[in-house]
file entry_16.cif (mmCIF, C-alpha atoms)
data_data
loop_
_atom_site.group_PDB
_atom_site.id
_atom_site.type_symbol
_atom_site.label_atom_id
_atom_site.label_comp_id
_atom_site.auth_asym_id
_atom_site.auth_seq_id
_atom_site.Cartn_x
_atom_site.Cartn_y
_atom_site.Cartn_z
ATOM 1 C CA MET A 11 -160.826 14.403 74.435
ATOM 2 C CA SER A 12 -158.236 11.766 73.382
ATOM 3 C CA TRP A 13 -158.791 9.252 70.611
ATOM 4 C CA LEU A 14 -158.873 6.444 73.240
ATOM 5 C CA SER A 15 -161.806 8.103 75.009
ATOM 6 C CA ASN A 16 -163.614 8.449 71.682
ATOM 7 C CA VAL A 17 -163.158 4.717 71.018
ATOM 8 C CA ARG A 18 -164.413 3.781 74.516
ATOM 9 C CA ASN A 19 -167.490 5.952 74.128
ATOM 10 C CA ALA A 20 -168.246 4.429 70.749
ATOM 11 C CA LEU A 21 -167.870 0.879 72.087
ATOM 12 C CA SER A 22 -170.144 1.600 75.053
ATOM 13 C CA LEU A 23 -172.965 2.344 72.605
ATOM 14 C CA VAL A 24 -172.507 -1.034 70.929
ATOM 15 C CA VAL A 25 -171.620 -3.352 73.836
ATOM 16 C CA THR A 26 -173.683 -3.064 77.026
ATOM 17 C CA LYS A 27 -172.093 -3.813 80.354
ATOM 18 C CA LYS A 28 -172.998 -7.263 81.635
ATOM 19 C CA GLU A 29 -174.589 -7.125 85.058
ATOM 20 C CA THR A 30 -173.062 -9.423 87.688
ATOM 21 C CA PRO A 31 -175.500 -10.773 90.279
ATOM 22 C CA ASP A 32 -174.760 -9.378 93.726
ATOM 23 C CA ASN A 33 -175.389 -12.785 95.318
ATOM 24 C CA LEU A 34 -172.939 -14.750 93.181
ATOM 25 C CA TRP A 35 -170.474 -15.118 96.060
ATOM 26 C CA HIS A 36 -170.885 -15.654 99.786
ATOM 27 C CA LYS A 37 -168.341 -14.676 102.443
ATOM 28 C CA CYS A 38 -167.993 -17.476 104.989
ATOM 29 C CA LYS A 39 -168.602 -16.293 108.547
ATOM 30 C CA GLY A 40 -166.211 -18.937 109.815
ATOM 31 C CA CYS A 41 -163.029 -18.455 107.774
ATOM 32 C CA GLY A 42 -163.839 -15.304 105.792
ATOM 33 C CA GLN A 43 -163.199 -16.920 102.419
ATOM 34 C CA MET A 44 -165.424 -16.209 99.443
ATOM 35 C CA VAL A 45 -167.476 -19.225 98.349
ATOM 36 C CA PHE A 46 -169.436 -19.551 95.133
ATOM 37 C CA THR A 47 -173.098 -19.387 96.231
ATOM 38 C CA LYS A 48 -174.170 -22.380 94.153
ATOM 39 C CA GLU A 49 -171.284 -24.446 95.509
ATOM 40 C CA LEU A 50 -172.334 -23.532 99.051
ATOM 41 C CA ALA A 51 -175.959 -24.502 98.391
ATOM 42 C CA ASP A 52 -174.912 -27.794 96.799
ATOM 43 C CA ASN A 53 -172.836 -28.481 99.931
ATOM 44 C CA LEU A 54 -175.891 -28.047 102.214
ATOM 45 C CA HIS A 55 -174.722 -24.532 103.153
ATOM 46 C CA VAL A 56 -171.563 -25.871 104.788
ATOM 47 C CA CYS A 57 -168.324 -24.048 103.937
ATOM 48 C CA PRO A 58 -166.075 -26.360 101.851
ATOM 49 C CA HIS A 59 -162.969 -24.729 103.340
ATOM 50 C CA CYS A 60 -163.560 -24.660 107.115
ATOM 51 C CA ARG A 61 -166.787 -26.729 107.484
ATOM 52 C CA HIS A 62 -168.608 -23.806 109.085
ATOM 53 C CA HIS A 63 -172.370 -24.483 109.141
ATOM 54 C CA GLU A 64 -174.270 -21.459 107.882
ATOM 55 C CA ARG A 65 -177.713 -20.636 109.261
ATOM 56 C CA ILE A 66 -180.540 -21.866 107.045
ATOM 57 C CA GLY A 67 -184.312 -21.483 107.022
ATOM 58 C CA PRO A 68 -187.193 -23.970 107.086
ATOM 59 C CA ALA A 69 -187.367 -24.538 103.318
ATOM 60 C CA GLU A 70 -183.694 -25.544 103.064
ATOM 61 C CA ARG A 71 -183.905 -27.584 106.244
ATOM 62 C CA PHE A 72 -186.935 -29.579 105.094
ATOM 63 C CA ALA A 73 -185.252 -30.228 101.744
ATOM 64 C CA HIS A 74 -182.167 -31.605 103.520
ATOM 65 C CA VAL A 75 -183.961 -33.727 106.131
ATOM 66 C CA PHE A 76 -187.010 -35.216 104.406
ATOM 67 C CA ASP A 77 -187.002 -37.712 101.578
ATOM 68 C CA PRO A 78 -187.504 -35.883 98.256
ATOM 69 C CA GLY A 79 -191.112 -34.990 97.519
ATOM 70 C CA THR A 80 -192.521 -36.102 100.897
ATOM 71 C CA ALA A 81 -192.532 -32.857 102.912
ATOM 72 C CA GLN A 82 -195.935 -31.278 103.583
ATOM 73 C CA THR A 83 -195.859 -27.945 105.391
ATOM 74 C CA LEU A 84 -198.465 -27.610 108.147
ATOM 75 C CA ALA A 85 -200.633 -24.531 108.384
ATOM 76 C CA ALA A 86 -199.429 -21.970 110.894
ATOM 77 C CA PRO A 87 -201.795 -21.461 113.858
ATOM 78 C CA ARG A 88 -203.367 -18.019 114.111
ATOM 79 C CA VAL A 89 -202.901 -16.012 117.291
ATOM 80 C CA ALA A 90 -203.763 -12.521 118.466
ATOM 81 C CA GLU A 91 -201.167 -10.071 117.180
ATOM 82 C CA ASP A 92 -199.769 -7.282 119.327
ATOM 83 C CA PRO A 93 -201.770 -8.203 122.448
ATOM 84 C CA LEU A 94 -199.824 -5.673 124.544
ATOM 85 C CA LYS A 95 -199.903 -2.849 121.958
ATOM 86 C CA PHE A 96 -196.107 -2.786 122.181
ATOM 87 C CA ARG A 97 -194.042 -0.104 120.550
ATOM 88 C CA ASP A 98 -190.321 0.679 120.696
ATOM 89 C CA THR A 99 -188.665 2.443 117.771
ATOM 90 C CA LYS A 100 -191.278 0.698 115.590
ATOM 91 C CA ARG A 101 -194.748 -0.693 116.131
ATOM 92 C CA TYR A 102 -194.776 -4.447 116.750
ATOM 93 C CA PRO A 103 -197.146 -5.126 113.790
ATOM 94 C CA ASP A 104 -194.683 -3.282 111.549
ATOM 95 C CA ARG A 105 -191.851 -5.528 112.721
ATOM 96 C CA LEU A 106 -193.974 -8.620 112.064
ATOM 97 C CA LYS A 107 -194.877 -7.345 108.613
ATOM 98 C CA ALA A 108 -191.213 -6.724 107.745
ATOM 99 C CA ALA A 109 -190.172 -10.177 109.007
ATOM 100 C CA ARG A 110 -192.912 -11.865 106.991
ATOM 101 C CA ALA A 111 -191.921 -10.001 103.863
ATOM 102 C CA ALA A 112 -188.249 -10.916 104.322
ATOM 103 C CA THR A 113 -188.750 -14.626 105.093
ATOM 104 C CA GLY A 114 -192.068 -15.512 103.480
ATOM 105 C CA GLU A 115 -193.135 -17.210 106.724
ATOM 106 C CA GLN A 116 -195.981 -16.380 109.086
ATOM 107 C CA ASP A 117 -193.753 -16.593 112.171
ATOM 108 C CA ALA A 118 -190.520 -18.027 113.535
ATOM 109 C CA LEU A 119 -191.518 -21.720 113.792
ATOM 110 C CA VAL A 120 -192.638 -23.782 110.803
ATOM 111 C CA ASN A 121 -193.778 -27.438 110.925
ATOM 112 C CA ALA A 122 -193.895 -30.074 108.219
ATOM 113 C CA ARG A 123 -194.671 -33.771 108.078
ATOM 114 C CA GLY A 124 -192.921 -36.198 105.787
ATOM 115 C CA LEU A 125 -190.656 -39.237 105.540
ATOM 116 C CA ILE A 126 -187.066 -39.566 106.723
ATOM 117 C CA GLU A 127 -185.593 -42.576 104.937
ATOM 118 C CA GLY A 128 -189.080 -44.038 104.678
ATOM 119 C CA GLN A 129 -190.118 -43.338 108.277
ATOM 120 C CA ARG A 130 -192.842 -40.874 109.287
ATOM 121 C CA ALA A 131 -191.825 -37.796 111.237
ATOM 122 C CA VAL A 132 -193.070 -34.307 112.046
ATOM 123 C CA VAL A 133 -190.324 -31.690 111.997
ATOM 124 C CA GLY A 134 -190.394 -28.148 113.352
ATOM 125 C CA VAL A 135 -187.802 -25.567 112.322
ATOM 126 C CA GLN A 136 -187.174 -22.236 114.001
ATOM 127 C CA ASP A 137 -186.034 -19.537 111.601
ATOM 128 C CA PHE A 138 -183.495 -17.156 113.144
ATOM 129 C CA ALA A 139 -184.094 -14.785 110.241
ATOM 130 C CA PHE A 140 -187.606 -14.150 111.617
ATOM 131 C CA MET A 141 -187.005 -11.708 114.481
ATOM 132 C CA GLY A 142 -184.116 -13.776 115.801
ATOM 133 C CA GLY A 143 -186.245 -16.923 115.937
ATOM 134 C CA SER A 144 -187.770 -15.443 119.099
ATOM 135 C CA MET A 145 -190.473 -17.285 121.007
ATOM 136 C CA GLY A 146 -193.900 -15.679 121.231
ATOM 137 C CA GLN A 147 -197.459 -16.936 121.241
ATOM 138 C CA ALA A 148 -197.262 -17.968 117.583
ATOM 139 C CA VAL A 149 -194.166 -20.087 118.234
ATOM 140 C CA GLY A 150 -195.802 -21.684 121.278
ATOM 141 C CA GLU A 151 -198.950 -22.527 119.316
ATOM 142 C CA ALA A 152 -196.888 -23.874 116.401
ATOM 143 C CA PHE A 153 -194.877 -26.079 118.770
ATOM 144 C CA ILE A 154 -198.052 -27.530 120.271
ATOM 145 C CA ALA A 155 -199.560 -27.994 116.794
ATOM 146 C CA GLY A 156 -196.428 -29.871 115.740
ATOM 147 C CA VAL A 157 -196.668 -32.191 118.747
ATOM 148 C CA GLU A 158 -200.379 -32.816 118.095
ATOM 149 C CA ALA A 159 -199.620 -33.634 114.438
ATOM 150 C CA ALA A 160 -196.914 -36.083 115.548
ATOM 151 C CA ILE A 161 -199.355 -37.791 117.935
ATOM 152 C CA ALA A 162 -201.974 -38.004 115.166
ATOM 153 C CA ASP A 163 -199.385 -39.535 112.795
ATOM 154 C CA HIS A 164 -197.953 -41.733 115.559
ATOM 155 C CA ALA A 165 -194.554 -40.348 114.666
ATOM 156 C CA PRO A 166 -191.731 -38.606 116.530
ATOM 157 C CA TYR A 167 -191.544 -34.846 116.805
ATOM 158 C CA ILE A 168 -188.174 -33.373 115.832
ATOM 159 C CA ILE A 169 -187.429 -29.723 116.540
ATOM 160 C CA PHE A 170 -184.575 -27.698 115.051
ATOM 161 C CA THR A 171 -184.021 -24.831 117.474
ATOM 162 C CA ALA A 172 -182.517 -21.440 116.619
ATOM 163 C CA ALA A 173 -183.528 -18.523 118.790
ATOM 164 C CA GLY A 174 -182.480 -15.513 120.776
ATOM 165 C CA GLY A 175 -185.035 -16.326 123.473
ATOM 166 C CA ALA A 176 -188.478 -15.011 124.379
ATOM 167 C CA ARG A 177 -189.989 -12.204 122.309
ATOM 168 C CA MET A 178 -189.868 -9.001 124.356
ATOM 169 C CA GLN A 179 -192.813 -7.460 122.471
ATOM 170 C CA GLU A 180 -195.116 -10.066 124.031
ATOM 171 C CA GLY A 181 -193.781 -9.868 127.585
ATOM 172 C CA ILE A 182 -195.173 -12.437 130.016
ATOM 173 C CA LEU A 183 -197.232 -14.025 127.230
ATOM 174 C CA SER A 184 -194.023 -15.157 125.529
ATOM 175 C CA LEU A 185 -192.663 -16.602 128.791
ATOM 176 C CA MET A 186 -195.890 -18.566 129.254
ATOM 177 C CA GLN A 187 -194.951 -20.615 126.164
ATOM 178 C CA MET A 188 -192.167 -22.314 128.140
ATOM 179 C CA PRO A 189 -194.460 -24.347 130.460
ATOM 180 C CA ARG A 190 -196.981 -24.862 127.642
ATOM 181 C CA ALA A 191 -194.271 -26.475 125.509
ATOM 182 C CA THR A 192 -193.228 -28.641 128.462
ATOM 183 C CA VAL A 193 -196.803 -29.934 128.824
ATOM 184 C CA ALA A 194 -196.924 -30.672 125.086
ATOM 185 C CA ILE A 195 -193.739 -32.741 125.350
ATOM 186 C CA GLN A 196 -195.324 -34.742 128.172
ATOM 187 C CA MET A 197 -198.327 -35.377 125.921
ATOM 188 C CA LEU A 198 -195.933 -36.783 123.316
ATOM 189 C CA HIS A 199 -194.326 -39.053 125.904
ATOM 190 C CA ASP A 200 -197.737 -40.206 127.172
ATOM 191 C CA ALA A 201 -198.433 -41.317 123.595
ATOM 192 C CA GLY A 202 -195.201 -43.344 123.651
ATOM 193 C CA LEU A 203 -193.480 -41.167 121.059
ATOM 194 C CA PRO A 204 -189.941 -39.728 121.106
ATOM 195 C CA TYR A 205 -189.009 -36.062 121.141
ATOM 196 C CA ILE A 206 -185.711 -35.298 119.390
ATOM 197 C CA VAL A 207 -183.973 -31.916 119.545
ATOM 198 C CA VAL A 208 -181.404 -30.625 117.054
ATOM 199 C CA LEU A 209 -179.707 -27.513 118.413
ATOM 200 C CA THR A 210 -178.507 -25.144 115.707
ATOM 201 C CA ASP A 211 -176.679 -21.828 115.831
ATOM 202 C CA PRO A 212 -177.692 -19.966 117.932
ATOM 203 C CA THR A 213 -180.015 -21.442 120.574
ATOM 204 C CA THR A 214 -180.226 -19.145 123.584
ATOM 205 C CA GLY A 215 -182.516 -17.601 126.193
ATOM 206 C CA GLY A 216 -185.900 -18.990 127.209
ATOM 207 C CA VAL A 217 -185.888 -21.513 124.364
ATOM 208 C CA THR A 218 -182.773 -23.108 125.849
ATOM 209 C CA ALA A 219 -184.398 -22.990 129.288
ATOM 210 C CA SER A 220 -187.417 -24.944 128.042
ATOM 211 C CA TYR A 221 -188.094 -27.223 125.094
ATOM 212 C CA ALA A 222 -184.596 -27.003 123.571
ATOM 213 C CA MET A 223 -183.088 -29.011 126.439
ATOM 214 C CA LEU A 224 -185.902 -31.518 127.063
ATOM 215 C CA GLY A 225 -185.229 -33.921 124.211
ATOM 216 C CA ASP A 226 -185.000 -37.662 124.603
ATOM 217 C CA VAL A 227 -181.939 -37.229 122.407
ATOM 218 C CA GLN A 228 -180.013 -33.949 122.213
ATOM 219 C CA ILE A 229 -178.156 -33.377 118.930
ATOM 220 C CA ALA A 230 -176.235 -30.263 117.898
ATOM 221 C CA GLU A 231 -174.710 -29.050 114.680
ATOM 222 C CA PRO A 232 -170.940 -28.386 114.747
ATOM 223 C CA GLY A 233 -169.968 -25.036 116.249
ATOM 224 C CA ALA A 234 -173.505 -24.139 117.332
ATOM 225 C CA LEU A 235 -173.762 -21.502 120.070
ATOM 226 C CA ILE A 236 -175.950 -22.900 122.857
ATOM 227 C CA GLY A 237 -176.663 -21.221 126.166
ATOM 228 C CA PHE A 238 -179.073 -19.287 128.331
ATOM 229 C CA ALA A 239 -177.298 -15.978 128.940
ATOM 230 C CA GLY A 240 -174.333 -14.466 127.114
ATOM 231 C CA GLN A 241 -170.756 -15.102 128.229
ATOM 232 C CA ARG A 242 -170.184 -11.525 129.382
ATOM 233 C CA VAL A 243 -173.366 -11.521 131.504
ATOM 234 C CA ILE A 244 -172.384 -14.797 133.172
ATOM 235 C CA GLU A 245 -168.840 -13.584 133.857
ATOM 236 C CA GLN A 246 -170.135 -10.386 135.419
ATOM 237 C CA THR A 247 -172.573 -12.358 137.564
ATOM 238 C CA ILE A 248 -170.191 -15.010 138.922
ATOM 239 C CA ARG A 249 -167.091 -12.768 138.702
ATOM 240 C CA GLU A 250 -165.013 -15.471 137.060
ATOM 241 C CA LYS A 251 -163.363 -15.857 133.677
ATOM 242 C CA LEU A 252 -165.020 -18.595 131.658
ATOM 243 C CA PRO A 253 -163.157 -20.907 129.234
ATOM 244 C CA GLU A 254 -163.139 -19.987 125.564
ATOM 245 C CA GLY A 255 -165.907 -21.665 123.586
ATOM 246 C CA PHE A 256 -167.707 -22.965 126.664
ATOM 247 C CA GLN A 257 -171.092 -22.407 124.979
ATOM 248 C CA ARG A 258 -170.205 -24.180 121.740
ATOM 249 C CA ALA A 259 -171.598 -27.578 120.821
ATOM 250 C CA GLU A 260 -168.283 -29.410 121.108
ATOM 251 C CA TYR A 261 -167.647 -28.131 124.663
ATOM 252 C CA LEU A 262 -171.181 -29.087 125.741
ATOM 253 C CA LEU A 263 -170.728 -32.570 124.282
ATOM 254 C CA GLU A 264 -167.462 -33.006 126.165
ATOM 255 C CA HIS A 265 -169.182 -32.000 129.423
ATOM 256 C CA GLY A 266 -172.263 -34.177 128.990
ATOM 257 C CA MET A 267 -174.898 -31.547 128.247
ATOM 258 C CA ILE A 268 -175.752 -32.944 124.801
ATOM 259 C CA ASP A 269 -175.595 -36.433 123.326
ATOM 260 C CA MET A 270 -173.915 -35.921 119.974
ATOM 261 C CA VAL A 271 -172.595 -33.383 117.484
ATOM 262 C CA VAL A 272 -173.615 -34.329 113.957
ATOM 263 C CA PRO A 273 -172.475 -32.616 110.738
ATOM 264 C CA ARG A 274 -175.302 -31.557 108.436
ATOM 265 C CA HIS A 275 -174.376 -34.119 105.788
ATOM 266 C CA ASP A 276 -174.931 -36.964 108.284
ATOM 267 C CA LEU A 277 -178.049 -35.583 109.935
ATOM 268 C CA ARG A 278 -180.731 -37.328 107.880
ATOM 269 C CA ALA A 279 -179.138 -40.735 108.359
ATOM 270 C CA THR A 280 -178.678 -40.103 112.089
ATOM 271 C CA LEU A 281 -182.305 -39.043 112.544
ATOM 272 C CA ALA A 282 -183.513 -42.059 110.563
ATOM 273 C CA ARG A 283 -181.465 -44.376 112.766
ATOM 274 C CA LEU A 284 -182.862 -42.778 115.950
ATOM 275 C CA ILE A 285 -186.436 -43.039 114.674
ATOM 276 C CA GLY A 286 -185.847 -46.717 113.940
ATOM 277 C CA TYR A 287 -184.618 -47.253 117.513
ATOM 278 C CA LEU A 288 -187.156 -45.100 119.357
ATOM 279 C CA ALA A 289 -190.269 -45.290 117.159
ATOM 280 C CA PRO A 290 -190.072 -48.447 115.051
ATOM 281 C CA ARG A 291 -193.786 -48.190 114.170
ATOM 282 C CA ALA A 292 -193.176 -44.899 112.333
ATOM 283 C CA ALA A 293 -192.289 -46.714 109.112
ATOM 284 C CA ALA A 294 -194.657 -45.662 106.333
#
call {"tool": "encode", "arguments": {"input": "entry_16.cif", "output": "C-alpha cells"}}
result
Amino acid sequence: MSWLSNVRNALSLVVTKKETPDNLWHKCKGCGQMVFTKELADNLHVCPHCRHHERIGPAERFAHVFDPGTAQTLAAPRVAEDPLKFRDTKRYPDRLKAARAATGEQDALVNARGLIEGQRAVVGVQDFAFMGGSMGQAVGEAFIAGVEAAIADHAPYIIFTAAGGARMQEGILSLMQMPRATVAIQMLHDAGLPYIVVLTDPTTGGVTASYAMLGDVQIAEPGALIGFAGQRVIEQTIREKLPEGFQRAEYLLEHGMIDMVVPRHDLRATLARLIGYLAPRAAA
C-alpha cells in the first residue's frame, strides 16, 4: 500500500464524508436543465430557464392561490372503497394505501376555502400524483362537497383539474361521477355563483369530457396537455395526421376552446379579478 493510500485512510477516520441531499437539484422536464430545488420552489415551481410549469399538489397550489393564512382544508368525504373488489397486478386497496402514503391525501381531489385578494372562494385541486388524478367515487363526492361549500359561503367554486380520466378500478361507478358533477355545477349556477376552471397539465379522459370543460371561464396554465383521447388514438381513428401540439393550451386558446392561458405567477390576480366581476358579493 502506497504512502498516499495510508494518508487517505488516516484522513477518512478524522473527517467524515458530508452527505449531499438527493433532492438538492431538479431536472426540468421542459428544457432538461438542472435547477436548484429551492430556487424552483421560490419561483412557484416554474423553470427559470424555459418557463415550464411543473406539476404541483394541493398544498403548493393552495399556498400560491389563497391569501397567506386564510386557507382551510375541507374534510374529504368518505366513500365505499373497492366496491367492485377489483384486482389487477395489485389489489385496489393496496394501490389506494400506497397513493395515500406517497401524497398524504385521502384521494385525488382536495378542497379548501379561503380568501383570494380578500374575496371568498372555495378551491378544489386534483393531484395527479394520486393515481394519475383519476376520477372515482371519492373525487365525485369531493367535487360535490366543494360545490356545496361554495353555495354555503356564497362564493365561487374554482377547480384546478389534472387527471388521466376515470378510474378503471371503479368501472361504471367512476363514469357516473360525470353526470353527478354536471348536476352539481347546475346547482352552483342556480345559486347565482360562478364556476371557474383552471386546466393544468395533464387534463384528459372523462374529466375533460365533463366538469373540466363546463366552466363559466376556462383558464389553462402554459403548455398544459388538454384532451379526451391521446394523439395516436385519434390519428388511428380518423386516419389523419394531426398538427403538432394540437392538445396544448396555446393551440386550444388559438382555436377558441379555452378563454385564456395564464402563467402561474399571474394566476391569483387573474382569479381575484374574475371573482370581482362574476361574484362581487364574495368580498369578505
call {"tool": "closest_atom_pairs", "arguments": {"input": "entry_16.cif", "of": "segment 159-275 of chain A", "to": "segment 54-58 of chain A", "cutoff": "12 Å", "atoms": "only C-alpha atoms", "output": "tab-separated table"}}
result
residue	atom	partner	partner_atom	distance
A:Glu231	CA	A:Val56	CA	10.9
A:Pro232	CA	A:Val56	CA	10.3
A:Gly233	CA	A:Val56	CA	11.6
A:Pro273	CA	A:Val56	CA	9.0
A:Arg274	CA	A:Leu54	CA	7.2
A:His275	CA	A:Leu54	CA	7.2
call {"tool": "closest_residue", "arguments": {"input": "entry_16.cif", "among": "A:Leu94, A:Ala69, A:Ala51, A:Met197", "to": "Asp137 of chain A", "atoms": "only C-alpha atoms"}}
result
A:Ala69
call {"tool": "resolve_selection", "arguments": {"input": "entry_16.cif", "expression": "the PyMOL selection byres ((chain A and resi 111-127) around 7)", "output": "PDB file with C-alpha atoms, in the frame of the given file"}}
result
ATOM      1  CA  PRO A  68    -187.193 -23.970 107.086  1.00  0.00           C
ATOM      2  CA  VAL A  75    -183.961 -33.727 106.131  1.00  0.00           C
ATOM      3  CA  PHE A  76    -187.010 -35.216 104.406  1.00  0.00           C
ATOM      4  CA  ASP A  77    -187.002 -37.712 101.578  1.00  0.00           C
ATOM      5  CA  THR A  80    -192.521 -36.102 100.897  1.00  0.00           C
ATOM      6  CA  ALA A  81    -192.532 -32.857 102.912  1.00  0.00           C
ATOM      7  CA  GLN A  82    -195.935 -31.278 103.583  1.00  0.00           C
ATOM      8  CA  THR A  83    -195.859 -27.945 105.391  1.00  0.00           C
ATOM      9  CA  LEU A  84    -198.465 -27.610 108.147  1.00  0.00           C
ATOM     10  CA  ALA A  86    -199.429 -21.970 110.894  1.00  0.00           C
ATOM     11  CA  LYS A 107    -194.877  -7.345 108.613  1.00  0.00           C
ATOM     12  CA  ALA A 108    -191.213  -6.724 107.745  1.00  0.00           C
ATOM     13  CA  ALA A 109    -190.172 -10.177 109.007  1.00  0.00           C
ATOM     14  CA  ARG A 110    -192.912 -11.865 106.991  1.00  0.00           C
ATOM     15  CA  GLY A 128    -189.080 -44.038 104.678  1.00  0.00           C
ATOM     16  CA  GLN A 129    -190.118 -43.338 108.277  1.00  0.00           C
ATOM     17  CA  ARG A 130    -192.842 -40.874 109.287  1.00  0.00           C
ATOM     18  CA  ALA A 131    -191.825 -37.796 111.237  1.00  0.00           C
ATOM     19  CA  VAL A 132    -193.070 -34.307 112.046  1.00  0.00           C
ATOM     20  CA  VAL A 133    -190.324 -31.690 111.997  1.00  0.00           C
ATOM     21  CA  GLY A 134    -190.394 -28.148 113.352  1.00  0.00           C
ATOM     22  CA  VAL A 135    -187.802 -25.567 112.322  1.00  0.00           C
ATOM     23  CA  GLN A 136    -187.174 -22.236 114.001  1.00  0.00           C
ATOM     24  CA  ASP A 137    -186.034 -19.537 111.601  1.00  0.00           C
ATOM     25  CA  ALA A 139    -184.094 -14.785 110.241  1.00  0.00           C
ATOM     26  CA  PHE A 140    -187.606 -14.150 111.617  1.00  0.00           C
ATOM     27  CA  GLY A 143    -186.245 -16.923 115.937  1.00  0.00           C
ATOM     28  CA  SER A 144    -187.770 -15.443 119.099  1.00  0.00           C
ATOM     29  CA  ALA A 148    -197.262 -17.968 117.583  1.00  0.00           C
ATOM     30  CA  VAL A 149    -194.166 -20.087 118.234  1.00  0.00           C
ATOM     31  CA  ALA A 152    -196.888 -23.874 116.401  1.00  0.00           C
ATOM     32  CA  GLY A 156    -196.428 -29.871 115.740  1.00  0.00           C
ATOM     33  CA  ARG A 278    -180.731 -37.328 107.880  1.00  0.00           C
ATOM     34  CA  ALA A 282    -183.513 -42.059 110.563  1.00  0.00           C
TER      35      ALA A 282
END
call {"tool": "resolve_selection", "arguments": {"input": "entry_16.cif", "expression": "the PyMOL selection byres ((chain A and resi 171) around 12)", "output": "PyMOL selection string"}}
result
chain A and resi 65-68+71+118-120+133-138+142-145+149+153+168-170+172-175+206-225+228-231+234-237
call {"tool": "closest_residue", "arguments": {"input": "entry_16.cif", "among": "A:Leu183, A:Ala279, A:Leu198, A:Ala289", "to": "Ala162 of chain A", "atoms": "only C-alpha atoms"}}
result
A:Leu198
call {"tool": "closest_residue", "arguments": {"input": "entry_16.cif", "among": "A:Ile268, A:Ala292, A:Ala73, A:Ala191", "to": "Ala165 of chain A", "atoms": "only C-alpha atoms"}}
result
A:Ala292
call {"tool": "closest_residue", "arguments": {"input": "entry_16.cif", "among": "A:Asp276, A:Lys251, A:Ala176, A:Arg190", "to": "Phe238 of chain A", "atoms": "only C-alpha atoms"}}
result
A:Ala176
call {"tool": "closest_residue", "arguments": {"input": "entry_16.cif", "among": "A:Arg258, A:His74, A:His59, A:Lys48", "to": "Leu281 of chain A", "atoms": "all atoms listed in the file"}}
result
A:His74
call {"tool": "atom_distance", "arguments": {"input": "entry_16.cif", "atom1": "atom CA of Tyr261 of chain A", "atom2": "atom CA of Asn53 of chain A"}}
result
25.3 Å
call {"tool": "atom_distance", "arguments": {"input": "entry_16.cif", "atom1": "atom CA of Val227 of chain A", "atom2": "atom CA of Ala259 of chain A"}}
result
14.2 Å
call {"tool": "residues_around", "arguments": {"input": "entry_16.cif", "residues": "Ser184 of chain A", "least_positions_apart": "6", "cutoff": "6 Å", "atoms": "only C-alpha atoms", "output": "compact mmCIF listing (two decimals) with C-alpha atoms, in the coordinates of the input"}}
result
# COMPACT_ATOMS: atom_id res chain seq x y z
CA GLY A 146 -193.90 -15.68 121.23
CA GLN A 147 -197.46 -16.94 121.24
CA ALA A 176 -188.48 -15.01 124.38
CA ARG A 177 -189.99 -12.20 122.31
call {"tool": "atom_distance", "arguments": {"input": "entry_16.cif", "atom1": "atom CA of Gly150 of chain A", "atom2": "atom CA of Pro166 of chain A"}}
result
18.0 Å
call {"tool": "resolve_selection", "arguments": {"input": "entry_16.cif", "expression": "the PyMOL selection byres ((chain A and resi 103) around 12)", "output": "PyMOL selection string"}}
result
chain A and resi 90-98+100-102+104-110+179-180
call {"tool": "write_last_selection", "arguments": {"input": "entry_16.cif", "atoms": "C-alpha atoms", "output": "compact mmCIF listing (two decimals), keeping the file's coordinate frame"}}
result
# COMPACT_ATOMS: atom_id res chain seq x y z
CA ALA A 90 -203.76 -12.52 118.47
CA GLU A 91 -201.17 -10.07 117.18
CA ASP A 92 -199.77 -7.28 119.33
CA PRO A 93 -201.77 -8.20 122.45
CA LEU A 94 -199.82 -5.67 124.54
CA LYS A 95 -199.90 -2.85 121.96
CA PHE A 96 -196.11 -2.79 122.18
CA ARG A 97 -194.04 -0.10 120.55
CA ASP A 98 -190.32 0.68 120.70
CA LYS A 100 -191.28 0.70 115.59
CA ARG A 101 -194.75 -0.69 116.13
CA TYR A 102 -194.78 -4.45 116.75
CA ASP A 104 -194.68 -3.28 111.55
CA ARG A 105 -191.85 -5.53 112.72
CA LEU A 106 -193.97 -8.62 112.06
CA LYS A 107 -194.88 -7.34 108.61
CA ALA A 108 -191.21 -6.72 107.74
CA ALA A 109 -190.17 -10.18 109.01
CA ARG A 110 -192.91 -11.86 106.99
CA GLN A 179 -192.81 -7.46 122.47
CA GLU A 180 -195.12 -10.07 124.03
call {"tool": "residues_around", "arguments": {"input": "entry_16.cif", "residues": "Phe46 of chain A", "least_positions_apart": "2", "cutoff": "8 Å", "atoms": "only C-alpha atoms", "output": "list in words"}}
result
Leu34, Trp35, His36, Met44, Lys48, Glu49 and Leu50 of chain A
call {"tool": "closest_residue", "arguments": {"input": "entry_16.cif", "among": "A:Ala293, A:Leu252, A:Leu262, A:Val45", "to": "Asp163 of chain A", "atoms": "all atoms listed in the file"}}
result
A:Ala293
call {"tool": "residues_around", "arguments": {"input": "entry_16.cif", "residues": "Ala201 of chain A", "least_positions_apart": "5", "cutoff": "9 Å", "atoms": "only C-alpha atoms", "output": "JSON, numbers by chain"}}
result
{"A": [161, 164, 196]}
call {"tool": "build_atoms", "arguments": {"input": "entry_16.cif", "residues": "segment 38-43 of chain A", "atoms": "N, CA and C atoms", "output": "compact mmCIF listing (two decimals), in the coordinates of the input"}}
result
# COMPACT_ATOMS: atom_id res chain seq x y z
N CYS A 38 -167.82 -16.56 103.87
CA CYS A 38 -167.99 -17.48 104.99
C CYS A 38 -167.79 -16.74 106.30
N LYS A 39 -168.71 -16.93 107.24
CA LYS A 39 -168.60 -16.29 108.55
C LYS A 39 -167.60 -17.01 109.43
N GLY A 40 -167.18 -18.20 109.02
CA GLY A 40 -166.21 -18.94 109.82
C GLY A 40 -164.77 -18.60 109.48
N CYS A 41 -164.42 -18.69 108.18
CA CYS A 41 -163.03 -18.45 107.77
C CYS A 41 -162.85 -17.19 106.97
N GLY A 42 -163.94 -16.55 106.54
CA GLY A 42 -163.84 -15.30 105.79
C GLY A 42 -163.58 -15.47 104.31
N GLN A 43 -163.46 -16.70 103.84
CA GLN A 43 -163.20 -16.92 102.42
C GLN A 43 -164.47 -16.75 101.61
